[in-house]
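Notes follow once the structure below has been shown.
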Amino acid sequence: MKCFALFAVFITGGLLLFGTADFPEQGDPHSPPNAGIPGDGVSISHYYLTQTEKDTHVPNVVTAVLADYRGYDTLFETVVIFAAGMAIFAILRVSGEPRKRHRPITDSSINGDHRRIIIGTTCRLLIPVIQLFALYVVAHGHHSPGGGFQGGVILGASFILFALANNLTAALQRFSEKTFMNLACLGILIYAGFGIFCQFLEHNFLDYGVLQKIFHTADPQMARSHSMLGVEIGVAFTVTAIMFAIYANLSSKGELDNGL
Amino acid sequence: MIWQFETILLIFLVIAAVISLRVKDLLSASMIFGIYSFLICLLWATMGAVDVAFTEAAVGAGVSAVFFIATVYNTKRRSSD
Amino acid sequence: MSDFFLNIIRPDFNFWIYVILMMIGLWAVIAKRNLIKKLIGLSIFQTAIILFYVSLGVKEGATIPIVEHHSGPGHPLEERTIDPEKYANPVPHVLMLTAIVVGVSTLGVALAVAQSLFNDFGTLEEDEILARLKMDPELNRRSNSSTHV
């Protein structure tokens, strides 16, 4: 197998290296991805860089393109994360034969275990700060690097940190399976709800400009900015719930009793 | 886009990738994969892709390495190759 | 000598390293026997491809794609011109954000499948799993039926 692997890798690598000989120099501002093909009009990245501030009042071009110009892609990216959570649920949590429990279930008291004083105290100080930072990242996606997905991962990681420092059972008492499944569904419903609400007002799906009447903003651009924030909150909910769900199922082999 | 810095980062990246695949202890392999994630996040930050670097820092360290460690804990820790 | 290095090797050096990283990942997926090593190789392959795509949008001397935000009276938006050459190309960043997200989801599912395989066969080495399947075809049937609730 290793000979075949080396052969395949050398052939593929050689072809790829041969292909990179024709590439434009790295960093060239006039290469086709950056400036478009001459004679073909302005390239899409030029349009996004120059028009985003005028169309949506959002300085962060990447967030604006993700949540507004290409919002349809981001909706289905969120659905993919949700589907991954459901797949792990189906693989690990649903099983035909009962598995024997070979580890004893310890109680979930946090204060009684003397080995966990250092870790427990540190996490008790750190976890609120981490969660606050995650909410900051979600809310400031318009002006600084961040957005729904990054904030959601940090928030999910704070729950994973709690489960690592104490017991998985203690973490599940605070963030139970029913809660995180409902939260994941709620996130996608918020995102799709924004789109369908625009359809009720007789415009296109995810065409946020028409929500100016609902939000009572001065112009459609601010309505797009506010809808982007709402949509990012939906993404953050789903991502938080699914990251913790994947960790809970992976670390306890689907039984959700004792974790790591 | 300082080319000296990027060259050093790329060499470390290749070393981290090769070592992560060669160690036989799977817990160490997951940790070195976390190092690989952080190095590639630094590379993207120097290229000006700050959103991508933020996402990779959050995902690579906070989530991906933890999933690997959770799986290694529930299966065998030693690999044969 | 330094002329050769600076003019011929240095501009292309980055692309060579990206291809070498991709091939390290691809080799690990084919040649390694342990399933977790295969998954690590797959993740290396994926991040190397994302690195390659993001490097296409780099512009020399350009800053991050967050346009300067001057608010308040006296700075009307219509009069400001933004020079696109001063900002990095945002389109590869957007596409690669989705790629990273999808990658971590598939990593989670792949690790769950690996755990399920370990439950059924007791090992994570590919050759041992295949040997056990050949020796005991009933194991295949039993492990297939255990997923039907």
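Convention: chains lettered A, B, ... in structure tokens order; per-chain residue numbering from 1; ligands numbered from 1 as shown.
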
**OP:** Pull out every residue of chain A that has at least one atom within 7 Å of chain C, counting only C-alpha atoms, and report them as an MDAnalysis selection string.
**Re:** chainID A and resid 1:2 5:6 9 13 16:17 20 25:29 33:34 45:46 49:50 54 59:62 66 77 80:81 84 87:88 91:92 95:97 246 250

**OP:** Find the residues in chain A near chain B: any atom within 10 Å counts, using only C-alpha atoms. Write them as a PyMOL selection string.
**Re:** chain A and resi 26-27+60+62-63+141+144-147+149-154+156-158+160-161+164+243-244+246-253+259-260

Subject >> Counting only C-alpha atoms, the residue of C:Ile40, C:Arg132, C:Phe121, C:Ile49 that sits nearest chain B >> reply: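 Smallest distance to chain B is found for C:Ile40.
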
Report the residues of region 29-106 of chain C whose backbone DSSP state falls under helix (DSSP H, G or I), written as a tab-separated table (two decimals) with N, CA and C atoms, in the first residue's frame.
chain	number	residue	atom	x	y	z
C	29	VAL	N	-3.62	9.78	4.12
C	29	VAL	CA	-4.94	9.16	3.97
C	29	VAL	C	-4.81	7.80	3.31
C	30	ILE	N	-3.86	7.66	2.33
C	30	ILE	CA	-3.77	6.39	1.63
C	30	ILE	C	-2.92	5.39	2.41
C	31	ALA	N	-1.79	5.85	2.97
C	31	ALA	CA	-0.80	4.88	3.41
C	31	ALA	C	-0.89	4.51	4.88
C	35	LEU	N	-6.89	4.62	11.83
C	35	LEU	CA	-7.95	5.50	11.34
C	35	LEU	C	-7.79	6.93	11.81
C	36	ILE	N	-7.29	7.11	13.05
C	36	ILE	CA	-7.14	8.48	13.55
C	36	ILE	C	-6.04	9.20	12.77
C	37	LYS	N	-4.98	8.47	12.40
C	37	LYS	CA	-3.93	9.09	11.57
C	37	LYS	C	-4.47	9.48	10.20
C	38	LYS	N	-5.36	8.65	9.67
C	38	LYS	CA	-5.96	9.00	8.39
C	38	LYS	C	-6.76	10.29	8.50
C	39	LEU	N	-7.47	10.43	9.64
C	39	LEU	CA	-8.27	11.65	9.81
C	39	LEU	C	-7.39	12.87	9.98
C	40	ILE	N	-6.26	12.71	10.68
C	40	ILE	CA	-5.35	13.84	10.83
C	40	ILE	C	-4.80	14.23	9.45
C	41	GLY	N	-4.48	13.22	8.63
C	41	GLY	CA	-4.00	13.52	7.28
C	41	GLY	C	-5.05	14.24	6.45
C	42	LEU	N	-6.31	13.83	6.61
C	42	LEU	CA	-7.39	14.50	5.87
C	42	LEU	C	-7.50	15.95	6.29
C	43	SER	N	-7.37	16.23	7.59
C	43	SER	CA	-7.46	17.62	8.05
C	43	SER	C	-6.28	18.44	7.56
C	44	ILE	N	-5.09	17.81	7.48
C	44	ILE	CA	-3.93	18.54	6.97
C	44	ILE	C	-4.15	18.89	5.51
C	45	PHE	N	-4.68	17.94	4.73
C	45	PHE	CA	-4.98	18.17	3.31
C	45	PHE	C	-5.93	19.34	3.16
C	46	GLN	N	-6.97	19.33	4.01
C	46	GLN	CA	-7.99	20.35	3.88
C	46	GLN	C	-7.45	21.73	4.23
C	47	THR	N	-6.70	21.86	5.33
C	47	THR	CA	-6.19	23.18	5.68
C	47	THR	C	-5.16	23.66	4.67
C	48	ALA	N	-4.42	22.73	4.05
C	48	ALA	CA	-3.46	23.16	3.03
C	48	ALA	C	-4.19	23.74	1.82
C	49	ILE	N	-5.33	23.14	1.45
C	49	ILE	CA	-6.09	23.67	0.31
C	49	ILE	C	-6.65	25.04	0.64
C	50	ILE	N	-7.12	25.22	1.88
C	50	ILE	CA	-7.66	26.52	2.27
C	50	ILE	C	-6.55	27.56	2.27
C	51	LEU	N	-5.35	27.15	2.72
C	51	LEU	CA	-4.20	28.06	2.69
C	51	LEU	C	-3.89	28.50	1.27
C	52	PHE	N	-3.95	27.56	0.32
C	52	PHE	CA	-3.68	27.88	-1.07
C	52	PHE	C	-4.69	28.89	-1.61
C	53	TYR	N	-5.98	28.67	-1.29
C	53	TYR	CA	-7.00	29.59	-1.81
C	53	TYR	C	-6.84	30.98	-1.24
C	54	VAL	N	-6.56	31.06	0.08
C	54	VAL	CA	-6.45	32.39	0.70
C	54	VAL	C	-5.24	33.13	0.14
C	55	SER	N	-4.19	32.38	-0.22
C	55	SER	CA	-2.99	33.05	-0.73
C	55	SER	C	-3.22	33.66	-2.09
C	77	LEU	N	-21.09	59.70	2.64
C	77	LEU	CA	-20.58	58.45	2.09
C	77	LEU	C	-20.35	58.54	0.59
C	78	GLU	N	-21.19	59.31	-0.09
C	78	GLU	CA	-21.12	59.26	-1.55
C	78	GLU	C	-19.84	59.89	-2.05
C	79	GLU	N	-19.23	60.76	-1.25
C	79	GLU	CA	-18.05	61.44	-1.77
C	79	GLU	C	-16.77	60.66	-1.53
C	84	PRO	N	-9.64	49.99	-4.36
C	84	PRO	CA	-9.67	48.55	-4.07
C	84	PRO	C	-8.29	47.94	-3.96
C	85	GLU	N	-7.25	48.64	-4.48
C	85	GLU	CA	-5.94	48.02	-4.41
C	85	GLU	C	-5.34	48.11	-3.03
C	86	LYS	N	-5.97	48.89	-2.15
C	86	LYS	CA	-5.39	48.99	-0.81
C	86	LYS	C	-5.91	47.91	0.12
C	91	VAL	N	-13.14	37.94	-1.38
C	91	VAL	CA	-13.94	36.80	-1.85
C	91	VAL	C	-13.36	35.45	-1.43
C	92	PRO	N	-12.04	35.20	-1.52
C	92	PRO	CA	-11.56	33.90	-1.03
C	92	PRO	C	-11.78	33.71	0.47
C	93	HIS	N	-11.74	34.82	1.24
C	93	HIS	CA	-11.96	34.67	2.67
C	93	HIS	C	-13.36	34.16	2.97
C	94	VAL	N	-14.33	34.69	2.23
C	94	VAL	CA	-15.72	34.30	2.47
C	94	VAL	C	-15.91	32.82	2.16
C	95	LEU	N	-15.38	32.39	0.99
C	95	LEU	CA	-15.57	31.00	0.59
C	95	LEU	C	-14.85	30.06	1.55
C	96	MET	N	-13.68	30.48	2.04
C	96	MET	CA	-12.93	29.57	2.90
C	96	MET	C	-13.49	29.51	4.30
C	97	LEU	N	-14.23	30.54	4.74
C	97	LEU	CA	-14.90	30.44	6.04
C	97	LEU	C	-15.90	29.30	6.02
C	98	THR	N	-16.68	29.22	4.95
C	98	THR	CA	-17.63	28.12	4.84
C	98	THR	C	-16.90	26.78	4.79
C	99	ALA	N	-15.74	26.75	4.11
C	99	ALA	CA	-15.00	25.49	4.01
C	99	ALA	C	-14.51	25.03	5.37
C	100	ILE	N	-14.03	25.95	6.20
C	100	ILE	CA	-13.55	25.55	7.53
C	100	ILE	C	-14.69	24.99	8.36
C	101	VAL	N	-15.84	25.66	8.27
C	101	VAL	CA	-17.00	25.25	9.05
C	101	VAL	C	-17.43	23.84	8.66
C	102	VAL	N	-17.55	23.61	7.36
C	102	VAL	CA	-17.97	22.29	6.89
C	102	VAL	C	-16.93	21.25	7.26
C	103	GLY	N	-15.65	21.63	7.23
C	103	GLY	CA	-14.60	20.69	7.60
C	103	GLY	C	-14.69	20.23	9.03
C	104	VAL	N	-14.99	21.14	9.95
C	104	VAL	CA	-15.04	20.71	11.35
C	104	VAL	C	-16.27	19.83	11.58
C	105	SER	N	-17.35	20.09	10.83
C	105	SER	CA	-18.53	19.24	10.98
C	105	SER	C	-18.24	17.82	10.50
C	106	THR	N	-17.60	17.70	9.33
C	106	THR	CA	-17.31	16.36	8.84
C	106	THR	C	-16.28	15.66	9.71

**OP:** For Ala65 (chain B), please output as a list in words all residues within 8 Å (counting only C-alpha atoms; exclusion window: fewer than 4 positions along the same chain).
**Re:** Ser30, Met31, Phe33, Gly34, Gly60, Ala61 and Ile69 of chain B

**OP:** Kindly give the distance, in Å, that separates CA of Phe12 (chain B) and CA of Ser31 (chain A), rounded to a single decimal.
**Re:**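 Straight-line distance from CA of Phe12 (chain B) to CA of Ser31 (chain A) works out to 28.5 Å.
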
Original post:
Between CA of Gly234 (chain A) and CA of Asn167 (chain A), what is the distance, to one decimal in Å?
Top reply: 28.4 Å

Original post:
Interatomic distance between CA of Gly209 (chain A) and CA of Leu183 (chain A)?
Top reply: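 About the pair CA of Gly209 (chain A) and CA of Leu183 (chain A): they are 27.2 Å apart.
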
DSSP on the backbone: which residues in region 41-121 of chain C end up as strand (DSSP E or B)? Give the answer as a PDB file with C-alpha atoms, in the first residue's frame.
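That gives us out.pdb:
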ATOM      1  CA  LYS C  59      -2.154  41.930  -2.462  1.00  0.00           C
ATOM      2  CA  THR C  63      -4.509  45.959   4.542  1.00  0.00           C
ATOM      3  CA  ILE C  66     -12.406  46.178   6.682  1.00  0.00           C
ATOM      4  CA  TYR C  87      -7.535  46.173   0.595  1.00  0.00           C
TER       5      TYR C  87
END

Original post:
Contacts of Gly148 (chain A) at 10 Å or less, counting only C-alpha atoms, minus same-chain residues fewer than 6 places along, as a ChimeraX atom specification?
Top reply: /A:63,67,134-135,137-141,228-240
